[in-house]
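Novice: Quick one: this structure, given as structure tokens, is what I'll be asking you about.
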Amino acid sequence: MQSLIKLAKALSDPNRVKIIKMLQQRTMCVCELRVALGISQPAVSKHLKILEKAGLVSSYKDGAWTNYVLSDGKSSPFAATLLGNLRHWLGDDPEVSDLLRRIQTIRREEMCR
């Protein structure tokens with residue numbers, strides 16, 4: 001039951017849901033997520049840590065960058081199911097649609113020097 005509660009709490013914040021929706025589109029670093037969301041780097045890092053602990057997001061290093069991707073869902077059947085369903089949810093939400101359009105122009109090379 002604890003893993004389900006952790007998952008529900010992880011998705012209780014709008015910025016964390018937005019992070020999931022952005023990572024459905026592509027791998028991103030903290031700098032890119034910060035610019036897209038318009039919040040501080042520590043806030044983005046805190047959200048990512050919560051999402052990682054819930055089994056929704058994972059990370060890997062690529063040189064100086066830490067890249068964030070959606071989890072493969074193997075650590076939790078709840079996470080796998082929810083990530084699958086989230087692919088189909090919020091597609092018509094204006095805020096999410098605008099955010100997904102904006103991330104197409106955000107490039108780490110231009111902001112994370």
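Chains: A, B, ... in order of the structure tokens. Residues: from 1 per chain. Ligands: from 1, in order shown.
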Using only C-alpha atoms, which residues sit within 10 Å of A:Ala54 once same-chain residues fewer than 5 positions away are excluded, as a list in words?

Specialist: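 After dropping sequence-adjacent residues, the list is Gln2, Ser3, Leu4, Ile5, Lys6, Leu7, Ala8, Lys9, Ala10, Leu11, Leu48, Lys49, Ser71, Ser75, Ser76, Phe78 and Ala79 of chain A.
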
Novice: Give me the residues near stretch 23-39 of chain A as a PDB file with C-alpha atoms, in the first residue's frame, where near means some atom within 6 Å (using only C-alpha atoms) and where sequence neighbours in that chain fewer than 6 positions away do not count.

Specialist:
ATOM      1  CA  THR A  66      22.115  14.709 -15.597  1.00  0.00           C
ATOM      2  CA  ASN A  67      19.320  13.636 -17.902  1.00  0.00           C
ATOM      3  CA  TYR A  68      15.859  12.754 -16.633  1.00  0.00           C
ATOM      4  CA  VAL A  69      13.594  10.245 -18.330  1.00  0.00           C
ATOM      5  CA  ARG A 108      20.213  23.049 -22.885  1.00  0.00           C
TER       6      ARG A 108
END

Novice: Which residue gives the smallest distance to A:Arg16 among A:Ser40, A:His88, A:Leu56, A:Asp62, with only C-alpha atoms counted?

Specialist: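 Once distances to A:Arg16 are computed over only C-alpha atoms, the minimum belongs to A:Leu56.
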
Novice: Give me the residues within 10 Å of A:Gln104 as a ChimeraX atom specification, counting only C-alpha atoms and dropping any in the same chain fewer than 2 places off.

Specialist: /A:22,25-26,36,99-102,106-107

Novice: May I ask which of the residues A:Lys46, A:Lys74, A:Lys61, A:Arg87 is the closest one to A:Ile20, counting only C-alpha atoms?

Specialist: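 Under the stated criterion, the closest residue is A:Arg87.
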
Novice: Enumerate as a ChimeraX atom specification all residues of chain A assigned to alpha helix (DSSP H) by DSSP on the backbone, naming them with the chain letters and numbers the document uses.

Specialist: /A:2-10,14-25,30-37,41-53,77-86,94-102,108-111

Novice: Work out how far atom CA of A:Val96 is from atom CA of A:Pro14, in Å to one decimal.

Specialist: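 The value is 10.1 Å.
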
Novice: I need the residues in chain A that are strand (DSSP E) according to DSSP; give them as a list of chain:residue names.

Specialist: A:Met28, A:Cys29, A:Val57, A:Ser58, A:Ser59, A:Tyr60, A:Lys61, A:Asp62, A:Trp65, A:Thr66, A:Asn67, A:Tyr68, A:Val69, A:Leu70

Novice: Can I get the selected residues back with N, CA and C atoms, as a compact mmCIF listing (two decimals), in the first residue's frame?

Specialist:
# COMPACT_ATOMS: atom_id res chain seq x y z
N MET A 28 15.11 15.37 -20.60
CA MET A 28 15.42 16.77 -20.28
C MET A 28 16.33 16.83 -19.06
N CYS A 29 17.08 17.93 -18.96
CA CYS A 29 17.91 18.19 -17.79
C CYS A 29 17.19 19.19 -16.88
N VAL A 57 10.31 8.46 -12.41
CA VAL A 57 11.37 9.11 -13.18
C VAL A 57 12.70 8.47 -12.80
N SER A 58 13.60 8.39 -13.76
CA SER A 58 14.96 7.97 -13.47
C SER A 58 15.93 8.93 -14.16
N SER A 59 17.19 8.81 -13.81
CA SER A 59 18.18 9.75 -14.36
C SER A 59 19.44 9.00 -14.75
N TYR A 60 20.22 9.64 -15.62
CA TYR A 60 21.54 9.13 -15.98
C TYR A 60 22.42 10.30 -16.35
N LYS A 61 23.72 10.12 -16.14
CA LYS A 61 24.68 11.18 -16.43
C LYS A 61 25.11 11.11 -17.89
N ASP A 62 25.31 12.29 -18.47
CA ASP A 62 25.83 12.43 -19.82
C ASP A 62 26.79 13.60 -19.80
N TRP A 65 25.89 16.87 -17.77
CA TRP A 65 24.45 16.90 -17.54
C TRP A 65 23.93 15.64 -16.88
N THR A 66 22.90 15.83 -16.09
CA THR A 66 22.12 14.71 -15.60
C THR A 66 20.80 14.75 -16.35
N ASN A 67 20.54 13.71 -17.10
CA ASN A 67 19.32 13.64 -17.90
C ASN A 67 18.24 12.90 -17.14
N TYR A 68 17.01 13.38 -17.28
CA TYR A 68 15.86 12.75 -16.63
C TYR A 68 14.94 12.18 -17.69
N VAL A 69 14.48 10.97 -17.42
CA VAL A 69 13.59 10.24 -18.33
C VAL A 69 12.50 9.60 -17.50
N LEU A 70 11.43 9.21 -18.16
CA LEU A 70 10.40 8.46 -17.46
C LEU A 70 10.94 7.08 -17.13

Novice: Just how far from atom CA of A:Glu110 is atom CA of A:Leu51, in Å to one decimal?

Specialist: 26.1 Å
